[in-house]
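Participant: data.tsv (TSV, C-alpha atoms and all ligand atoms) pasted underneath:
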```tsv
chain	number	residue	atom	x	y	z
A	1	MET	CA	-3.81	2.81	21.76
A	2	LEU	CA	-4.57	1.28	18.38
A	3	ALA	CA	-8.02	2.52	17.38
A	4	TYR	CA	-7.51	2.17	13.62
A	5	ARG	CA	-8.95	-0.93	11.93
A	6	HIS	CA	-8.28	-1.30	8.24
A	7	ALA	CA	-11.43	-3.45	7.90
A	8	PHE	CA	-13.46	-0.19	7.75
A	9	HIS	CA	-11.57	0.92	4.66
A	10	ALA	CA	-10.64	-2.32	2.86
A	11	GLY	CA	-10.95	-2.10	-0.92
A	12	ASN	CA	-11.49	1.67	-1.01
A	13	HIS	CA	-9.92	3.94	-3.65
A	14	ALA	CA	-6.74	4.28	-1.58
A	15	ASP	CA	-6.31	0.49	-1.42
A	16	VAL	CA	-6.90	0.30	-5.18
A	17	LEU	CA	-4.07	2.76	-5.88
A	18	LYS	CA	-1.68	1.27	-3.31
A	19	HIS	CA	-2.27	-2.35	-4.29
A	20	ILE	CA	-2.03	-1.78	-8.05
A	21	LEU	CA	1.26	0.03	-7.47
A	22	LEU	CA	2.46	-2.74	-5.16
A	23	MET	CA	1.72	-5.33	-7.84
A	24	LEU	CA	3.55	-3.32	-10.49
A	25	VAL	CA	6.64	-2.92	-8.30
A	26	LEU	CA	6.63	-6.61	-7.28
A	27	GLY	CA	6.32	-7.55	-10.96
A	28	HIS	CA	9.42	-5.49	-11.62
A	29	MET	CA	11.30	-7.09	-8.70
A	30	ASN	CA	10.48	-10.50	-10.20
A	31	GLN	CA	12.30	-9.68	-13.44
A	32	LYS	CA	15.60	-10.71	-11.82
A	33	ASP	CA	16.07	-14.26	-10.51
A	34	LYS	CA	17.92	-13.21	-7.38
A	35	GLY	CA	15.67	-13.39	-4.32
A	36	TYR	CA	14.56	-10.32	-2.40
A	37	ARG	CA	13.00	-9.45	0.93
A	38	PHE	CA	9.56	-7.84	1.14
A	39	VAL	CA	8.98	-5.93	4.38
A	40	ASP	CA	5.48	-4.69	5.26
A	41	THR	CA	5.97	-2.40	8.28
A	42	HIS	CA	2.20	-1.99	8.84
A	43	ALA	CA	0.73	-5.16	7.42
A	44	GLY	CA	-2.89	-5.14	8.61
A	45	ALA	CA	-4.93	-8.33	8.81
A	46	GLY	CA	-4.03	-9.72	5.37
A	47	GLY	CA	-7.67	-10.13	4.33
A	48	TYR	CA	-11.02	-8.54	5.07
A	49	SER	CA	-14.66	-9.53	4.80
A	50	LEU	CA	-16.64	-6.99	2.80
A	51	GLU	CA	-19.82	-8.41	4.29
A	52	GLY	CA	-18.75	-7.99	7.90
A	53	THR	CA	-19.93	-5.23	10.22
A	54	TYR	CA	-16.78	-3.13	9.78
A	55	ALA	CA	-16.74	-2.98	5.98
A	56	LYS	CA	-20.53	-2.63	5.75
A	57	LYS	CA	-20.57	0.33	8.10
A	58	LYS	CA	-18.91	2.66	5.62
A	59	ALA	CA	-18.97	0.49	2.50
A	60	GLU	CA	-15.95	2.36	1.16
A	61	TYR	CA	-15.18	-0.52	-1.21
A	62	LEU	CA	-18.25	0.43	-3.28
A	63	ASP	CA	-16.31	3.44	-4.59
A	64	GLY	CA	-13.12	1.39	-4.89
A	65	ILE	CA	-12.74	-2.24	-5.99
A	66	ALA	CA	-16.51	-2.62	-6.64
A	67	ARG	CA	-16.35	0.01	-9.41
A	68	LEU	CA	-13.81	-2.13	-11.27
A	69	TRP	CA	-15.29	-5.54	-10.55
A	70	THR	CA	-17.72	-5.84	-13.45
A	71	ARG	CA	-15.92	-3.79	-16.09
A	72	ASP	CA	-14.58	-5.54	-19.15
A	73	ASP	CA	-12.40	-2.68	-20.42
A	74	LEU	CA	-9.67	-2.75	-17.77
A	75	PRO	CA	-6.10	-1.76	-18.69
A	76	PRO	CA	-3.64	-4.67	-18.13
A	77	ALA	CA	-2.37	-3.55	-14.70
A	78	VAL	CA	-5.93	-3.11	-13.40
A	79	ALA	CA	-7.03	-6.40	-14.98
A	80	ASP	CA	-4.17	-8.21	-13.17
A	81	TYR	CA	-5.20	-6.59	-9.89
A	82	VAL	CA	-8.90	-7.48	-10.28
A	83	ALA	CA	-7.91	-11.03	-11.26
A	84	LEU	CA	-5.90	-11.36	-8.04
A	85	VAL	CA	-8.85	-10.10	-5.97
A	86	ARG	CA	-11.10	-12.57	-7.82
A	87	GLU	CA	-8.72	-15.39	-6.99
A	88	PHE	CA	-8.74	-14.34	-3.33
A	89	ASN	CA	-12.55	-14.50	-3.41
A	90	GLY	CA	-12.52	-17.85	-5.16
A	91	ALA	CA	-15.96	-17.01	-6.51
A	92	LYS	CA	-17.83	-14.70	-8.85
A	93	HIS	CA	-19.01	-12.43	-6.05
A	94	LEU	CA	-16.99	-9.75	-4.33
A	95	LYS	CA	-17.15	-10.74	-0.67
A	96	GLN	CA	-13.57	-10.42	0.53
A	97	TYR	CA	-10.63	-8.18	-0.07
A	98	PRO	CA	-6.93	-9.12	0.22
A	99	GLY	CA	-4.42	-6.99	2.10
A	100	SER	CA	-0.90	-6.06	1.06
A	101	PRO	CA	0.72	-9.14	2.73
A	102	THR	CA	-1.49	-11.63	0.87
A	103	ILE	CA	-0.97	-9.74	-2.39
A	104	ALA	CA	2.80	-9.93	-1.82
A	105	GLN	CA	2.55	-13.60	-0.84
A	106	ALA	CA	0.78	-14.34	-4.13
A	107	LEU	CA	3.37	-12.56	-6.26
A	108	THR	CA	6.64	-13.45	-4.55
A	109	ARG	CA	8.64	-16.55	-5.47
A	110	PRO	CA	10.27	-19.43	-3.52
A	111	GLN	CA	13.60	-17.55	-3.35
A	112	ASP	CA	11.99	-14.43	-1.79
A	113	ASN	CA	11.06	-13.86	1.86
A	114	LEU	CA	8.47	-11.74	3.65
A	115	ARG	CA	8.69	-9.89	6.98
A	116	LEU	CA	5.35	-8.59	8.21
A	117	PHE	CA	4.80	-6.29	11.19
A	118	GLU	CA	1.37	-5.78	12.74
A	119	LEU	CA	0.83	-4.39	16.23
A	120	HIS	CA	-2.91	-4.87	16.68
A	121	PRO	CA	-3.42	-8.25	18.43
A	122	THR	CA	-6.60	-9.15	16.53
A	123	ASP	CA	-5.24	-8.18	13.11
A	124	HIS	CA	-1.96	-9.92	13.95
A	125	ARG	CA	-3.84	-13.13	14.76
A	126	ILE	CA	-5.82	-12.98	11.50
A	127	LEU	CA	-2.64	-12.19	9.56
A	128	ALA	CA	-0.82	-15.15	11.10
A	129	SER	CA	-3.74	-17.41	10.23
A	130	TYR	CA	-3.53	-16.32	6.57
A	131	LEU	CA	0.23	-16.54	6.14
A	132	GLY	CA	1.74	-18.23	9.18
A	133	ASP	CA	2.32	-21.61	7.50
A	134	ASP	CA	4.37	-20.19	4.64
A	135	LYS	CA	8.04	-20.92	5.43
A	136	ARG	CA	9.14	-17.76	3.62
A	137	VAL	CA	7.07	-15.58	5.92
A	138	GLU	CA	7.72	-14.17	9.41
A	139	VAL	CA	4.73	-12.46	11.02
A	140	LYS	CA	5.75	-10.21	13.91
A	141	MET	CA	3.52	-8.57	16.51
A	142	ALA	CA	5.95	-5.68	16.85
A	143	ASP	CA	6.37	-2.04	15.91
A	144	GLY	CA	7.21	-1.87	12.20
A	145	PHE	CA	8.97	1.50	12.52
A	146	ASP	CA	11.32	0.08	15.15
A	147	GLY	CA	11.63	-3.34	13.53
A	148	LEU	CA	12.59	-2.22	10.03
A	149	LYS	CA	16.27	-1.54	10.64
A	150	ALA	CA	17.00	-5.12	11.73
A	151	GLN	CA	15.68	-6.27	8.32
A	152	LEU	CA	18.07	-4.10	6.35
A	153	PRO	CA	20.07	-4.64	4.29
A	154	PRO	CA	18.62	-8.01	3.24
A	155	PRO	CA	21.23	-10.76	2.74
A	156	THR	CA	20.80	-10.63	-1.06
A	157	ARG	CA	20.87	-6.82	-1.07
A	158	ARG	CA	17.54	-6.77	-2.87
A	159	GLY	CA	14.50	-5.52	-1.02
A	160	LEU	CA	11.11	-3.82	-1.20
A	161	VAL	CA	9.65	-2.08	1.84
A	162	LEU	CA	6.00	-1.03	2.06
A	163	MET	CA	5.33	1.55	4.77
A	164	ASP	CA	1.61	2.00	5.20
A	165	PRO	CA	0.83	3.41	8.66
A	166	SER	CA	-2.61	4.40	9.85
A	167	TYR	CA	-1.56	8.05	10.52
A	168	GLU	CA	-3.94	8.05	13.48
A	169	GLY	CA	-2.03	10.86	15.10
A	170	GLU	CA	0.54	13.42	13.96
A	171	ARG	CA	3.34	11.18	15.25
A	172	ASP	CA	3.22	8.76	12.32
A	173	TYR	CA	4.25	11.48	9.83
A	174	ALA	CA	7.42	12.27	11.74
A	175	LYS	CA	8.08	8.56	12.34
A	176	VAL	CA	7.82	7.79	8.63
A	177	VAL	CA	10.48	10.39	7.84
A	178	ALA	CA	12.81	9.39	10.69
A	179	THR	CA	12.49	5.66	9.96
A	180	LEU	CA	13.16	6.12	6.25
A	181	ARG	CA	16.16	8.35	6.92
A	182	GLU	CA	17.71	5.55	8.93
A	183	ALA	CA	16.63	2.82	6.50
A	184	LEU	CA	18.10	4.65	3.52
A	185	ALA	CA	21.37	5.13	5.40
A	186	ARG	CA	21.54	1.34	5.93
A	187	PHE	CA	20.26	0.26	2.53
A	188	ALA	CA	20.24	3.10	-0.02
A	189	GLU	CA	19.60	0.87	-3.03
A	190	GLY	CA	16.37	-0.64	-1.67
A	191	THR	CA	12.97	0.18	-3.08
A	192	TYR	CA	10.65	1.83	-0.56
A	193	MET	CA	6.95	2.59	-1.03
A	194	VAL	CA	5.25	4.98	1.38
A	195	TRP	CA	1.49	5.42	1.35
A	196	TYR	CA	-0.01	8.63	2.74
A	197	PRO	CA	-3.55	10.07	3.00
A	198	GLN	CA	-4.61	13.26	1.26
A	199	VAL	CA	-6.31	14.99	4.19
A	200	THR	CA	-6.53	18.55	5.48
A	201	LYS	CA	-3.50	18.32	7.75
A	202	LEU	CA	-0.30	20.25	7.39
A	203	ALA	CA	1.83	17.18	8.16
A	204	ALA	CA	0.14	15.24	5.34
A	205	ALA	CA	0.58	18.07	2.84
A	206	GLN	CA	4.25	18.45	3.76
A	207	LEU	CA	5.12	14.75	3.72
A	208	PRO	CA	5.98	14.36	-0.01
A	209	LYS	CA	8.44	17.29	0.12
A	210	ARG	CA	10.00	15.94	3.30
A	211	LEU	CA	10.38	12.52	1.64
A	212	GLN	CA	11.94	14.09	-1.46
A	213	SER	CA	14.55	15.78	0.70
A	214	LEU	CA	15.75	12.37	1.96
A	215	ALA	CA	16.13	10.75	-1.46
A	216	PRO	CA	19.65	9.54	-2.13
A	217	LYS	CA	18.78	8.71	-5.74
A	218	GLY	CA	15.55	8.63	-7.74
A	219	TRP	CA	11.98	8.88	-6.52
A	220	LEU	CA	8.46	8.84	-7.92
A	221	HIS	CA	5.34	10.39	-6.44
A	222	ALA	CA	1.83	9.39	-7.57
A	223	ARG	CA	-1.39	10.78	-6.15
A	224	LEU	CA	-5.01	10.06	-6.99
A	225	THR	CA	-7.75	12.39	-5.79
A	226	VAL	CA	-11.16	10.75	-6.13
A	227	GLY	CA	-12.62	10.83	-2.62
A	228	LYS	CA	-15.72	12.53	-1.31
A	229	THR	CA	-15.09	15.16	1.34
A	230	ASP	CA	-17.53	17.17	3.42
A	231	ALA	CA	-18.29	20.88	2.95
A	232	GLN	CA	-15.26	21.82	5.07
A	233	GLY	CA	-12.99	19.56	3.00
A	234	PHE	CA	-12.67	16.93	5.75
A	235	GLY	CA	-12.45	13.26	4.82
A	236	LEU	CA	-10.12	11.26	2.60
A	237	ALA	CA	-9.87	13.33	-0.58
A	238	GLY	CA	-7.38	10.94	-2.07
A	239	SER	CA	-4.06	9.30	-1.37
A	240	GLY	CA	-0.51	9.21	-2.56
A	241	VAL	CA	2.33	6.76	-2.86
A	242	PHE	CA	5.93	7.96	-2.71
A	243	ILE	CA	8.56	5.52	-3.99
A	244	TYR	CA	12.34	5.60	-3.56
A	245	ASN	CA	14.30	3.82	-6.30
A	246	PRO	CA	11.19	3.08	-8.39
A	247	PRO	CA	11.25	0.78	-11.43
A	248	PHE	CA	12.33	2.96	-14.33
A	249	THR	CA	9.28	1.96	-16.42
A	250	LEU	CA	6.78	2.95	-13.72
A	251	HIS	CA	6.41	6.62	-14.65
A	252	ALA	CA	5.34	5.79	-18.22
A	253	GLN	CA	2.91	3.13	-16.95
A	254	LEU	CA	1.33	5.51	-14.45
A	255	ASN	CA	1.06	8.29	-17.01
A	256	GLU	CA	-1.59	6.14	-18.69
A	257	LEU	CA	-2.97	4.45	-15.61
A	258	LEU	CA	-3.69	7.42	-13.33
A	259	PRO	CA	-6.01	9.24	-15.77
A	260	TRP	CA	-7.82	5.94	-16.35
A	261	LEU	CA	-8.20	5.33	-12.60
A	262	HIS	CA	-9.46	8.86	-12.08
A	263	GLY	CA	-12.08	8.28	-14.77
A	264	ALA	CA	-13.14	5.01	-13.16
A	265	LEU	CA	-13.17	6.10	-9.51
A	266	LYS	CA	-14.03	9.82	-9.59
A	267	PRO	CA	-17.02	11.16	-7.65
A	268	GLU	CA	-20.29	11.92	-9.45
A	269	ASP	CA	-19.37	15.59	-9.96
A	270	GLY	CA	-16.21	14.50	-11.80
A	271	SER	CA	-13.94	16.39	-9.40
A	272	GLY	CA	-10.45	15.44	-8.27
A	273	GLY	CA	-7.55	14.46	-10.45
A	274	TRP	CA	-4.10	12.95	-10.28
A	275	LEU	CA	-0.49	13.99	-9.90
A	276	LEU	CA	2.63	12.26	-11.17
A	277	ASP	CA	6.12	13.50	-10.51
A	278	GLN	CA	9.57	11.96	-10.39
A	279	ARG	CA	13.26	12.53	-10.15
A	280	ALA	CA	14.85	10.04	-12.47
A	281	VAL	CA	18.52	9.06	-12.17
B	1	LIG	C1	-3.33	1.08	6.82
B	1	LIG	S1	-3.31	-0.37	7.78
B	1	LIG	C2	-2.33	-1.48	6.82
B	1	LIG	C3	-2.97	-1.97	5.55
B	1	LIG	C4	-2.13	-2.94	4.77
B	1	LIG	N1	-0.78	-2.46	4.57
B	1	LIG	C5	-2.77	-3.22	3.42
B	1	LIG	O1	-2.47	-2.50	2.45
B	1	LIG	O2	-3.54	-4.18	3.32
B	1	LIG	C6	-2.18	0.05	9.06
B	1	LIG	C7	-1.98	-1.09	10.06
B	1	LIG	O3	-0.85	-0.78	10.89
B	1	LIG	C8	-1.08	-1.25	12.21
B	1	LIG	N2	-0.16	-0.49	13.07
B	1	LIG	C9	-0.32	0.73	13.62
B	1	LIG	N3	0.84	1.15	14.19
B	1	LIG	C10	1.75	0.16	13.96
B	1	LIG	C11	3.13	0.03	14.23
B	1	LIG	N4	3.82	0.99	14.87
B	1	LIG	N5	3.77	-1.09	13.82
B	1	LIG	C12	3.10	-2.08	13.18
B	1	LIG	N6	1.78	-2.00	12.87
B	1	LIG	C13	1.12	-0.89	13.25
B	1	LIG	C14	-2.56	-1.01	12.43
B	1	LIG	O4	-3.07	-1.87	13.44
B	1	LIG	C15	-3.14	-1.31	11.03
B	1	LIG	O5	-3.55	-2.65	10.94
```
Here is a file; write its structure as structure tokens.
Ligand SMILES: C[S@@+](CC[C@H](N)C(=O)[O-])C[C@H]1O[C@@H](n2cnc3c(N)ncnc32)[C@H](O)[C@@H]1O
Facilitator:
Amino acid sequence: MLAYRHAFHAGNHADVLKHILLMLVLGHMNQKDKGYRFVDTHAGAGGYSLEGTYAKKKAEYLDGIARLWTRDDLPPAVADYVALVREFNGAKHLKQYPGSPTIAQALTRPQDNLRLFELHPTDHRILASYLGDDKRVEVKMADGFDGLKAQLPPPTRRGLVLMDPSYEGERDYAKVVATLREALARFAEGTYMVWYPQVTKLAAAQLPKRLQSLAPKGWLHARLTVGKTDAQGFGLAGSGVFIYNPPFTLHAQLNELLPWLHGALKPEDGSGGWLLDQRAV
């Protein structure tokens, strides 16, 4: 059963981190003319109303994108991200938030192609309505863990995979590891981005180490802890992105960006922090 709906969380601090990183990696992919394939194994709806019942219920975006919206001192990577969200809104007011597929659609080029997996029928329908007419895009109502291997290696042997499951149950953690093991065996030189939640679960805490153990070459791990948790520590404390074969300039960029993002998104008591680690090749 698919209970998770990303509309509750759209534009929160975890989306901010994930989508800024996605834009930086896509920008790097675009430095070579040769086309590439972007695969989003858990694509979501592609766009979300921040005024709808779902987003309003928790209003998580208020401590995410909304904190950046009116600032005029944004570092370049954050300014590019806010500009893209502004373009998606088409207006001065923050009313909608783009998902990873629409961000990728905006940044990819005619020679690139996109393969998007979304299992939830409603989110799949919305996703298809956003991107279905783009000839470069295939929107699949299928399991992204199972579907990934048929997409690899891409014909041009250039590819970026975003794996962003909902981690509703413990199974997703094991599936992430198993799917990436197989994907890396098929296409070791691809770039893979895995998002994970920083929550009080052993499987979540162990995931980065398990991902490191699979790495054929280099990896980078970035984590931003800015969330509010309850007295027992439950809730989304933060989130991380683990990247295989990252752009070599990314570590230096994030060294400046993560402290800035922590400053901009931290809770009132100033708690939390960031982590940046890599194995360079
Ligand atoms: C965290 S959301 C994706 C958010 C999106 N990547 C973004 O950044 O805008 C995870 C999505 O995966 C979908 N989903 C869950 N299990 C799936 C599976 N096995 N294959 C494909 N989609 C799945 C959920 O319905 C949900 O929309």
Participant: Report as lines of an AutoDock Vina configuration file the centre and the edge lengths, in Å to one decimal, of the axis-aligned box holding every listed atom of range 182-197 of chain A, padded by 6 Å on each side.
Facilitator:
```
center_x = 9.0
center_y = 4.7
center_z = 2.9
size_x = 37.1
size_y = 22.7
size_z = 24.0
```
Participant: So which residues are near ligand LIG 1 (chain B), meaning at most 8 Å away with only C-alpha atoms and all ligand atoms counted, given back as a ChimeraX atom specification?
Facilitator: /A:2-6,10,15,18-19,40-47,98-101,117-120,123,141-146,162-166
Participant: Report as a PyMOL selection string all protein, DNA and RNA residues lying within 6 Å of range 243-253 of chain A, evaluated on all atoms listed in the file, omitting residues in the same chain fewer than 3 positions from it.
Facilitator: chain A and resi 191-193+218-220+256
Participant: Any idea what the distance is between CA of Asn12 in chain A and CA of Asp63 in chain A?
Facilitator: 6.3 Å
Participant: Pick out the closest residue to Ala77 in chain A from this set: A:Met23, A:Leu131, A:Leu50, A:Ala222. Count only C-alpha atoms.
Facilitator: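 The shortest atom-to-atom distance to Ala77 in chain A comes from A:Met23.
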Participant: Of the candidates A:Glu87, A:Leu22, A:Leu224, A:Val139, which shows the shortest atom-to-atom distance to Ile126 in chain A, using all atoms listed in the file?
Facilitator: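 For Ile126 in chain A, the nearest of the given residues is A:Val139.
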Participant: Nearest to Pro154 in chain A among A:Gly273, A:Gly35, A:Gly227, A:Gly235, with distances taken over all atoms listed in the file: which residue is it?
Facilitator: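 For Pro154 in chain A, the nearest of the candidates is A:Gly35.
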Participant: Using all atoms listed in the file, which of A:Gln96, A:Gln198, A:Gln111, A:Asn255 sits nearest Val241 in chain A?
Facilitator: A:Gln198
Participant: I'd like the neighbourhood of range 178-188 of chain A as a ChimeraX atom specification, where a residue qualifies if any of its atoms comes within 10 Å (using all atoms listed in the file), though same-chain residues fewer than 2 positions away should be ignored.
Facilitator: /A:144-154,157-159,161,163,172-176,190-192,194,211,213-217,244-245
Participant: Could you name the residues that touch Gly233 in chain A at 12 Å or less, counting all atoms listed in the file, but leaving out those on the same chain fewer than 5 positions away, as a PyMOL selection string?
Facilitator: chain A and resi 198-201+227-228+238
Participant: For Lys135 in chain A, please output as number ranges by chain all residues within 10 Å (counting all atoms listed in the file; exclusion window: fewer than 2 positions along the same chain).
Facilitator: A: 110, 113-114, 131-133, 137-138
Participant: Between CA of Leu275 in chain A and CA of Ser239 in chain A, what distance in Å does the model show, to one decimal?
Facilitator: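 Computed distance, CA of Leu275 in chain A to CA of Ser239 in chain A, equals 10.4 Å.
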Participant: Can you measure CA of Lys32 in chain A to CA of Glu189 in chain A for me? One decimal in Å is fine.
Facilitator: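 Computing the Euclidean distance for CA of Lys32 in chain A and CA of Glu189 in chain A yields 15.1 Å.
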Participant: Using all atoms listed in the file, which of A:Leu116, A:Leu207, A:Thr122, A:Glu268 sits nearest Lys140 in chain A?
Facilitator: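 Among the listed residues, A:Leu116 lies closest to Lys140 in chain A.
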Participant: Taking the point (-18.1, 1.1, -2.0) as given in the file, collect each protein or nucleic acid residue that comes within 12 Å of it, counting all atoms listed in the file, and present the set as a PDB file with C-alpha atoms, keeping the file's coordinate frame.
Facilitator:
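Written file, result_12.pdb:
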```pdb
ATOM      1  CA  PHE A   8     -13.460  -0.190   7.750  1.00  0.00           C
ATOM      2  CA  HIS A   9     -11.570   0.920   4.660  1.00  0.00           C
ATOM      3  CA  ALA A  10     -10.640  -2.320   2.860  1.00  0.00           C
ATOM      4  CA  GLY A  11     -10.950  -2.100  -0.920  1.00  0.00           C
ATOM      5  CA  ASN A  12     -11.490   1.670  -1.010  1.00  0.00           C
ATOM      6  CA  HIS A  13      -9.920   3.940  -3.650  1.00  0.00           C
ATOM      7  CA  ALA A  14      -6.740   4.280  -1.580  1.00  0.00           C
ATOM      8  CA  ASP A  15      -6.310   0.490  -1.420  1.00  0.00           C
ATOM      9  CA  VAL A  16      -6.900   0.300  -5.180  1.00  0.00           C
ATOM     10  CA  LEU A  50     -16.640  -6.990   2.800  1.00  0.00           C
ATOM     11  CA  GLU A  51     -19.820  -8.410   4.290  1.00  0.00           C
ATOM     12  CA  ALA A  55     -16.740  -2.980   5.980  1.00  0.00           C
ATOM     13  CA  LYS A  56     -20.530  -2.630   5.750  1.00  0.00           C
ATOM     14  CA  LYS A  57     -20.570   0.330   8.100  1.00  0.00           C
ATOM     15  CA  LYS A  58     -18.910   2.660   5.620  1.00  0.00           C
ATOM     16  CA  ALA A  59     -18.970   0.490   2.500  1.00  0.00           C
ATOM     17  CA  GLU A  60     -15.950   2.360   1.160  1.00  0.00           C
ATOM     18  CA  TYR A  61     -15.180  -0.520  -1.210  1.00  0.00           C
ATOM     19  CA  LEU A  62     -18.250   0.430  -3.280  1.00  0.00           C
ATOM     20  CA  ASP A  63     -16.310   3.440  -4.590  1.00  0.00           C
ATOM     21  CA  GLY A  64     -13.120   1.390  -4.890  1.00  0.00           C
ATOM     22  CA  ILE A  65     -12.740  -2.240  -5.990  1.00  0.00           C
ATOM     23  CA  ALA A  66     -16.510  -2.620  -6.640  1.00  0.00           C
ATOM     24  CA  ARG A  67     -16.350   0.010  -9.410  1.00  0.00           C
ATOM     25  CA  LEU A  68     -13.810  -2.130 -11.270  1.00  0.00           C
ATOM     26  CA  TRP A  69     -15.290  -5.540 -10.550  1.00  0.00           C
ATOM     27  CA  LEU A  94     -16.990  -9.750  -4.330  1.00  0.00           C
ATOM     28  CA  LYS A  95     -17.150 -10.740  -0.670  1.00  0.00           C
ATOM     29  CA  GLY A 227     -12.620  10.830  -2.620  1.00  0.00           C
ATOM     30  CA  LYS A 228     -15.720  12.530  -1.310  1.00  0.00           C
ATOM     31  CA  LEU A 265     -13.170   6.100  -9.510  1.00  0.00           C
ATOM     32  CA  PRO A 267     -17.020  11.160  -7.650  1.00  0.00           C
TER      33      PRO A 267
END
```
